[in-house]
$ cat structure_36.pdb   # PDB, C-alpha atoms and all ligand atoms
MODEL        1
ATOM      1  CA  MET W   1       0.000   0.000   0.000  1.00  0.00           C
ATOM      2  CA  LEU W   2       1.149   3.522  -0.736  1.00  0.00           C
ATOM      3  CA  VAL W   3       0.691   4.628   2.854  1.00  0.00           C
ATOM      4  CA  GLU W   4       3.107   1.957   4.095  1.00  0.00           C
ATOM      5  CA  ILE W   5       5.734   2.789   1.481  1.00  0.00           C
ATOM      6  CA  ILE W   6       5.641   6.512   2.208  1.00  0.00           C
ATOM      7  CA  LYS W   7       5.457   6.006   5.973  1.00  0.00           C
ATOM      8  CA  GLN W   8       8.699   4.049   5.760  1.00  0.00           C
ATOM      9  CA  GLN W   9      10.332   6.951   3.899  1.00  0.00           C
ATOM     10  CA  HIS W  10       9.133   9.353   6.595  1.00  0.00           C
ATOM     11  CA  LEU W  11      10.772   7.159   9.245  1.00  0.00           C
ATOM     12  CA  GLU W  12      14.057   6.988   7.347  1.00  0.00           C
ATOM     13  CA  LEU W  13      14.056  10.774   6.954  1.00  0.00           C
ATOM     14  CA  ARG W  14      13.481  11.186  10.673  1.00  0.00           C
ATOM     15  CA  GLU W  15      16.450   8.949  11.392  1.00  0.00           C
ATOM     16  CA  LEU W  16      18.741  11.035   9.145  1.00  0.00           C
ATOM     17  CA  PHE W  17      17.665  14.202  10.912  1.00  0.00           C
ATOM     18  CA  MET W  18      18.313  12.603  14.309  1.00  0.00           C
ATOM     19  CA  ARG W  19      21.865  11.738  13.226  1.00  0.00           C
ATOM     20  CA  HIS W  20      22.366  15.382  12.344  1.00  0.00           C
ATOM     21  CA  GLN W  21      21.034  16.485  15.736  1.00  0.00           C
ATOM     22  CA  GLU W  22      23.265  14.035  17.581  1.00  0.00           C
ATOM     23  CA  MET W  23      26.316  15.551  15.877  1.00  0.00           C
ATOM     24  CA  LEU W  24      25.068  19.041  16.629  1.00  0.00           C
ATOM     25  CA  LEU W  25      24.737  18.228  20.332  1.00  0.00           C
ATOM     26  CA  GLN W  26      28.296  16.965  20.327  1.00  0.00           C
ATOM     27  CA  MET W  27      29.484  20.224  18.693  1.00  0.00           C
ATOM     28  CA  GLN W  28      30.729  18.266  15.709  1.00  0.00           C
ATOM     29  CA  PHE W  29      29.612  20.883  13.251  1.00  0.00           C
ATOM     30  CA  GLU W  30      31.158  19.428  10.117  1.00  0.00           C
ATOM     31  CA  ASP W  31      29.491  16.056  10.696  1.00  0.00           C
ATOM     32  CA  ALA W  32      26.264  17.821  11.621  1.00  0.00           C
ATOM     33  CA  LYS W  33      26.414  19.565   8.229  1.00  0.00           C
ATOM     34  CA  ILE W  34      27.026  16.293   6.406  1.00  0.00           C
ATOM     35  CA  TRP W  35      24.023  14.576   8.025  1.00  0.00           C
ATOM     36  CA  LEU W  36      21.845  17.615   7.410  1.00  0.00           C
ATOM     37  CA  GLU W  37      22.851  17.468   3.764  1.00  0.00           C
ATOM     38  CA  HIS W  38      22.041  13.726   3.642  1.00  0.00           C
ATOM     39  CA  PHE W  39      18.683  14.467   5.186  1.00  0.00           C
ATOM     40  CA  TYR W  40      17.973  17.131   2.617  1.00  0.00           C
ATOM     41  CA  VAL W  41      19.044  15.075  -0.403  1.00  0.00           C
ATOM     42  CA  CYS W  42      16.558  12.431   0.722  1.00  0.00           C
ATOM     43  CA  GLN W  43      13.899  14.920   1.737  1.00  0.00           C
ATOM     44  CA  LYS W  44      14.100  16.587  -1.678  1.00  0.00           C
ATOM     45  CA  ALA W  45      13.852  13.213  -3.441  1.00  0.00           C
ATOM     46  CA  HIS W  46      10.937  12.264  -1.213  1.00  0.00           C
ATOM     47  CA  MET W  47       9.086  15.475  -2.076  1.00  0.00           C
ATOM     48  CA  LYS W  48       9.788  14.930  -5.765  1.00  0.00           C
ATOM     49  CA  ILE W  49       8.330  11.416  -5.527  1.00  0.00           C
ATOM     50  CA  GLU W  50       5.187  12.821  -3.955  1.00  0.00           C
ATOM     51  CA  GLU W  51       4.946  15.723  -6.373  1.00  0.00           C
ATOM     52  CA  SER W  52       5.481  13.693  -9.512  1.00  0.00           C
ATOM     53  CA  TYR W  53       3.847  10.371  -8.660  1.00  0.00           C
ATOM     54  CA  LEU W  54       1.242  11.017  -5.973  1.00  0.00           C
ATOM     55  CA  PHE W  55      -0.055  14.574  -6.239  1.00  0.00           C
ATOM     56  CA  PRO W  56      -1.202  14.134  -9.872  1.00  0.00           C
ATOM     57  CA  GLU W  57      -3.081  10.953  -8.896  1.00  0.00           C
ATOM     58  CA  PHE W  58      -4.543  12.622  -5.836  1.00  0.00           C
ATOM     59  CA  ALA W  59      -5.766  15.539  -7.967  1.00  0.00           C
ATOM     60  CA  LYS W  60      -7.749  13.071 -10.090  1.00  0.00           C
ATOM     61  CA  ILE W  61      -9.760  11.396  -7.348  1.00  0.00           C
ATOM     62  CA  GLU W  62     -12.766  12.746  -5.558  1.00  0.00           C
ATOM     63  CA  ARG W  63     -11.441  13.795  -2.148  1.00  0.00           C
ATOM     64  CA  THR W  64     -13.124  12.938   1.110  1.00  0.00           C
ATOM     65  CA  SER W  65     -10.821  15.193   3.194  1.00  0.00           C
ATOM     66  CA  LYS W  66     -10.806  18.984   3.006  1.00  0.00           C
ATOM     67  CA  TRP W  67      -7.146  19.322   1.985  1.00  0.00           C
ATOM     68  CA  ASP W  68      -6.309  19.526  -1.671  1.00  0.00           C
ATOM     69  CA  VAL W  69      -2.977  19.224  -3.491  1.00  0.00           C
ATOM     70  CA  SER W  70      -2.177  22.932  -3.169  1.00  0.00           C
ATOM     71  CA  LEU W  71      -1.973  22.649   0.624  1.00  0.00           C
ATOM     72  CA  TYR W  72       0.554  19.818   0.443  1.00  0.00           C
ATOM     73  CA  GLU W  73       2.577  21.817  -2.093  1.00  0.00           C
ATOM     74  CA  LYS W  74       2.564  24.894   0.125  1.00  0.00           C
ATOM     75  CA  GLU W  75       3.783  22.815   3.055  1.00  0.00           C
ATOM     76  CA  HIS W  76       6.656  21.499   0.930  1.00  0.00           C
ATOM     77  CA  ASP W  77       7.653  25.105   0.161  1.00  0.00           C
ATOM     78  CA  LYS W  78       7.492  26.080   3.812  1.00  0.00           C
ATOM     79  CA  ILE W  79       9.598  23.065   4.859  1.00  0.00           C
ATOM     80  CA  ASN W  80      12.198  23.981   2.220  1.00  0.00           C
ATOM     81  CA  GLN W  81      12.370  27.583   3.470  1.00  0.00           C
ATOM     82  CA  LEU W  82      12.856  26.501   7.075  1.00  0.00           C
ATOM     83  CA  TYR W  83      15.501  24.040   6.022  1.00  0.00           C
ATOM     84  CA  GLU W  84      17.457  26.783   4.222  1.00  0.00           C
ATOM     85  CA  ASN W  85      17.323  28.945   7.334  1.00  0.00           C
ATOM     86  CA  ILE W  86      18.768  26.136   9.395  1.00  0.00           C
ATOM     87  CA  VAL W  87      21.563  25.466   6.920  1.00  0.00           C
ATOM     88  CA  ASN W  88      22.530  29.145   6.976  1.00  0.00           C
ATOM     89  CA  ASP W  89      22.588  29.193  10.779  1.00  0.00           C
ATOM     90  CA  LEU W  90      24.654  26.033  10.991  1.00  0.00           C
ATOM     91  CA  ASN W  91      27.144  27.342   8.426  1.00  0.00           C
ATOM     92  CA  TRP W  92      27.453  30.580  10.373  1.00  0.00           C
ATOM     93  CA  LEU W  93      27.916  28.710  13.648  1.00  0.00           C
ATOM     94  CA  SER W  94      30.613  26.442  12.254  1.00  0.00           C
ATOM     95  CA  GLU W  95      32.638  29.473  11.094  1.00  0.00           C
ATOM     96  CA  GLN W  96      32.616  31.395  14.401  1.00  0.00           C
ATOM     97  CA  LYS W  97      35.341  31.466  16.997  1.00  0.00           C
ATOM     98  CA  LEU W  98      33.241  30.943  20.118  1.00  0.00           C
ATOM     99  CA  ASP W  99      33.889  29.731  23.616  1.00  0.00           C
ATOM    100  CA  GLN W 100      32.107  26.601  24.900  1.00  0.00           C
ATOM    101  CA  SER W 101      29.286  28.495  26.561  1.00  0.00           C
ATOM    102  CA  GLN W 102      28.597  30.570  23.440  1.00  0.00           C
ATOM    103  CA  LYS W 103      28.632  27.430  21.352  1.00  0.00           C
ATOM    104  CA  ARG W 104      26.132  25.729  23.643  1.00  0.00           C
ATOM    105  CA  ARG W 105      23.818  28.748  23.551  1.00  0.00           C
ATOM    106  CA  ASN W 106      23.914  28.881  19.769  1.00  0.00           C
ATOM    107  CA  ILE W 107      23.233  25.170  19.585  1.00  0.00           C
ATOM    108  CA  ILE W 108      20.175  25.627  21.806  1.00  0.00           C
ATOM    109  CA  ALA W 109      18.930  28.423  19.520  1.00  0.00           C
ATOM    110  CA  LEU W 110      19.438  26.208  16.482  1.00  0.00           C
ATOM    111  CA  LEU W 111      17.666  23.266  18.102  1.00  0.00           C
ATOM    112  CA  ASP W 112      14.703  25.550  18.764  1.00  0.00           C
ATOM    113  CA  LYS W 113      14.524  26.388  15.066  1.00  0.00           C
ATOM    114  CA  GLU W 114      14.857  22.735  14.213  1.00  0.00           C
ATOM    115  CA  LYS W 115      11.970  21.958  16.520  1.00  0.00           C
ATOM    116  CA  THR W 116       9.789  24.180  14.350  1.00  0.00           C
ATOM    117  CA  LEU W 117      10.931  22.338  11.238  1.00  0.00           C
ATOM    118  CA  LYS W 118      10.356  18.960  12.868  1.00  0.00           C
ATOM    119  CA  GLY W 119       6.898  20.014  14.040  1.00  0.00           C
ATOM    120  CA  LEU W 120       5.886  21.216  10.599  1.00  0.00           C
ATOM    121  CA  ASN W 121       7.287  18.085   8.988  1.00  0.00           C
ATOM    122  CA  GLU W 122       5.536  15.764  11.421  1.00  0.00           C
ATOM    123  CA  HIS W 123       2.248  17.561  10.929  1.00  0.00           C
ATOM    124  CA  HIS W 124       2.639  17.390   7.165  1.00  0.00           C
ATOM    125  CA  GLU W 125       3.563  13.711   7.182  1.00  0.00           C
ATOM    126  CA  GLU W 126       0.661  12.871   9.442  1.00  0.00           C
ATOM    127  CA  ARG W 127      -1.723  14.638   7.079  1.00  0.00           C
ATOM    128  CA  GLU W 128      -0.279  12.747   4.115  1.00  0.00           C
ATOM    129  CA  GLU W 129      -0.607   9.419   5.894  1.00  0.00           C
ATOM    130  CA  GLU W 130      -4.049  10.021   7.373  1.00  0.00           C
ATOM    131  CA  ALA W 131      -5.622  11.810   4.433  1.00  0.00           C
ATOM    132  CA  MET W 132      -3.972  11.846   0.996  1.00  0.00           C
ATOM    133  CA  LEU W 133      -2.376   8.392   1.007  1.00  0.00           C
ATOM    134  CA  LYS W 134      -5.289   6.729   2.724  1.00  0.00           C
ATOM    135  CA  GLU W 135      -7.642   8.211   0.170  1.00  0.00           C
ATOM    136  CA  LEU W 136      -5.418   7.162  -2.709  1.00  0.00           C
ATOM    137  CA  ASP W 137      -5.144   3.622  -1.382  1.00  0.00           C
ATOM    138  CA  ASP W 138      -8.893   3.475  -0.829  1.00  0.00           C
ATOM    139  CA  ALA W 139      -9.551   4.676  -4.345  1.00  0.00           C
ATOM    140  CA  TYR W 140      -7.319   1.969  -5.786  1.00  0.00           C
ATOM    141  CA  MET W 141      -7.924  -0.684  -3.151  1.00  0.00           C
ATOM    142  CA  ASP W 142     -10.517  -2.747  -4.927  1.00  0.00           C
ATOM    143  CA  VAL W 143      -8.128  -3.399  -7.776  1.00  0.00           C
ATOM    144  CA  GLY W 144      -4.673  -3.676  -6.247  1.00  0.00           C
ATOM    145  CA  GLY W 145      -3.052  -3.388  -2.813  1.00  0.00           C
ATOM    146  CA  THR W 146      -4.297  -5.759  -0.195  1.00  0.00           C
ATOM    147  CA  THR W 147      -6.966  -8.335  -0.808  1.00  0.00           C
ATOM    148  CA  PRO W 148     -10.116  -7.219   0.957  1.00  0.00           C
ATOM    149  CA  GLY W 149     -13.087  -9.548   1.346  1.00  0.00           C
ATOM    150  CA  LYS W 150     -15.670  -9.688  -1.415  1.00  0.00           C
ATOM    151  CA  GLU W 151     -18.321  -7.828   0.556  1.00  0.00           C
ATOM    152  CA  GLU W 152     -15.858  -5.108   1.475  1.00  0.00           C
ATOM    153  CA  VAL W 153     -14.881  -4.727  -2.178  1.00  0.00           C
ATOM    154  CA  MET W 154     -18.521  -4.365  -3.244  1.00  0.00           C
ATOM    155  CA  LEU W 155     -19.076  -1.736  -0.537  1.00  0.00           C
ATOM    156  CA  ARG W 156     -15.974   0.199  -1.547  1.00  0.00           C
ATOM    157  CA  ARG W 157     -17.006   0.133  -5.186  1.00  0.00           C
ATOM    158  CA  GLU W 158     -20.244   1.809  -4.231  1.00  0.00           C
ATOM    159  CA  GLN W 159     -18.700   4.286  -1.811  1.00  0.00           C
ATOM    160  CA  GLN W 160     -15.296   5.164  -3.137  1.00  0.00           C
ATOM    161  CA  PRO W 161     -14.524   7.261  -6.172  1.00  0.00           C
ATOM    162  CA  ARG W 162     -12.635   5.406  -8.838  1.00  0.00           C
ATOM    163  CA  ALA W 163      -8.953   6.319  -9.126  1.00  0.00           C
ATOM    164  CA  GLU W 164      -9.422   6.844 -12.817  1.00  0.00           C
ATOM    165  CA  SER W 165     -11.370   5.465 -15.706  1.00  0.00           C
ATOM    166  CA  GLY W 166     -10.272   2.290 -17.467  1.00  0.00           C
ATOM    167  CA  THR W 167     -10.682  -1.376 -16.823  1.00  0.00           C
ATOM    168  CA  GLU W 168      -9.993  -2.843 -13.407  1.00  0.00           C
ATOM    169  CA  ALA W 169      -7.029  -4.743 -14.790  1.00  0.00           C
ATOM    170  CA  GLU W 170      -5.503  -1.532 -16.138  1.00  0.00           C
ATOM    171  CA  ARG W 171      -6.024   0.269 -12.862  1.00  0.00           C
ATOM    172  CA  ALA W 172      -4.579  -2.608 -10.858  1.00  0.00           C
ATOM    173  CA  LYS W 173      -1.544  -2.587 -13.115  1.00  0.00           C
ATOM    174  CA  LYS W 174      -1.151   1.151 -12.724  1.00  0.00           C
ATOM    175  CA  TYR W 175      -1.397   0.922  -8.921  1.00  0.00           C
ATOM    176  CA  LYS W 176       1.284  -1.749  -8.794  1.00  0.00           C
ATOM    177  CA  GLN W 177       3.513   0.180 -11.194  1.00  0.00           C
ATOM    178  CA  LEU W 178       3.132   3.325  -9.101  1.00  0.00           C
ATOM    179  CA  GLN W 179       4.276   1.500  -5.966  1.00  0.00           C
ATOM    180  CA  LEU W 180       7.177  -0.090  -7.797  1.00  0.00           C
ATOM    181  CA  ASP W 181       8.365   3.225  -9.297  1.00  0.00           C
ATOM    182  CA  ILE W 182       8.249   4.894  -5.876  1.00  0.00           C
ATOM    183  CA  LYS W 183      10.153   2.060  -4.194  1.00  0.00           C
ATOM    184  CA  LEU W 184      12.858   1.980  -6.884  1.00  0.00           C
ATOM    185  CA  THR W 185      13.351   5.750  -6.921  1.00  0.00           C
ATOM    186  CA  TRP W 186      13.697   5.824  -3.144  1.00  0.00           C
ATOM    187  CA  ALA W 187      16.028   2.820  -3.029  1.00  0.00           C
ATOM    188  CA  GLU W 188      18.439   4.615  -5.373  1.00  0.00           C
ATOM    189  CA  VAL W 189      18.479   7.787  -3.294  1.00  0.00           C
ATOM    190  CA  ILE W 190      18.915   6.083   0.055  1.00  0.00           C
ATOM    191  CA  ALA W 191      21.665   3.859  -1.359  1.00  0.00           C
ATOM    192  CA  SER W 192      23.590   6.921  -2.558  1.00  0.00           C
ATOM    193  CA  VAL W 193      23.432   8.425   0.941  1.00  0.00           C
ATOM    194  CA  ARG W 194      24.511   5.163   2.587  1.00  0.00           C
ATOM    195  CA  GLU W 195      27.497   4.918   0.234  1.00  0.00           C
ATOM    196  CA  THR W 196      28.744   8.390   1.084  1.00  0.00           C
ATOM    197  CA  SER W 197      28.129   8.084   4.842  1.00  0.00           C
ATOM    198  CA  ILE W 198      30.181   4.943   5.468  1.00  0.00           C
TER     199      ILE W 198
HETATM  200 FE    FE T   1       5.187  15.687   1.518  1.00  0.00          FE
HETATM  201 FE    FE T   2       5.909  12.850   2.745  1.00  0.00          FE
ENDMDL
END

$ encode --input "structure_36.pdb" --output "structure tokens" --more "lines below"
Ligand SMILES: [Fe+2]
Ligand SMILES: [Fe+2]
Amino acid sequence: MLVEIIKQQHLELRELFMRHQEMLLQMQFEDAKIWLEHFYVCQKAHMKIEESYLFPEFAKIERTSKWDVSLYEKEHDKINQLYENIVNDLNWLSEQKLDQSQKRRNIIALLDKEKTLKGLNEHHEEREEEAMLKELDDAYMDVGGTTPGKEEVMLRREQQPRAESGTEAERAKKYKQLQLDIKLTWAEVIASVRETSI
């Protein structure tokens, strides 16, 4: 299911950000920069996956939640802006000649900013998982994904909007292909980060 695939990516992104924060706490600014960069490479790829594979599909179905594609896009922009702010602050911090106390105080200030980014990200991811992805899976469910019982399928067919026109076989194929494309794209990105972080 799409929600499981994307949820896994969200968890892996969180882990990369935690590595960055661990380095930051230890005042290892160069390593903190490297992990922040790894996080962002993956975050950017993750957003691209959503924007090119999922948002267009989501725009086609009849939504049951109040949030449309434009909201998710705006949140991506906001996350990118906050990220850039954090990079600038970390670069500045790593270039200063500061005593230990000053360093600690600047780290606290940076962690506060990062808390805002994390909060926004978590909120955004939760919305994707609870609304967009769930709705996409539901719209495709009767033709792909898991294997619901016959009665459940009949009920969904009556209640859920179709993901798109076309035969069931075509839609099932498309759903599977979509999941495969997303998994392969992500696997490449995460492998490139793992290679460079060893
Ligand atoms: Fe997103
Ligand atoms: Fe996401």

$ resolve_selection --input "structure_36.pdb" --expression "the PyMOL selection byres (((chain W and resi 31-37) around 12) and not hetatm)" --output "PyMOL selection string"
chain W and resi 13-30+38-44+83-84+86-94+107+110+114+193-194+196-198

$ resolve_selection --input "structure_36.pdb" --expression "the PyMOL selection byres (((chain W and resi 10) around 12) and not hetatm)" --output "ChimeraX atom specification"
/W:3-9,11-17,39,42-43,45-47,50,118,121-126,128-129,186

$ axis_aligned_box --input "structure_36.pdb" --around "stretch 84-99 of chain W" --padding-each-side "6 Å" --output "JSON"
{"center_x": 26.3, "center_y": 28.5, "center_z": 13.9, "size_x": 30.0, "size_y": 18.0, "size_z": 31.4}

$ atom_distance --input "structure_36.pdb" --atom1 "atom CA of W:Asn80" --atom2 "atom CA of W:Ile49"
15.3 Å

$ closest_residue --input "structure_36.pdb" --among "W:Arg63, W:Lys115, W:Arg127, W:Arg105" --to "ligand FE 1 (chain T)" --atoms "all atoms listed in the file"
W:Arg127

$ closest_residue --input "structure_36.pdb" --among "W:Ala139, W:Leu133, W:Ala187, W:Ala172" --to "ligand FE 1 (chain T)" --atoms "all atoms listed in the file"
W:Leu133

$ atom_distance --input "structure_36.pdb" --atom1 "atom CA of W:Lys48" --atom2 "atom CA of W:Ser65"
22.5 Å

$ closest_residue --input "structure_36.pdb" --among "W:Leu54, W:Leu98, W:Met1, W:Leu178" --to "ligand FE 1 (chain T)" --atoms "all atoms listed in the file"
W:Leu54
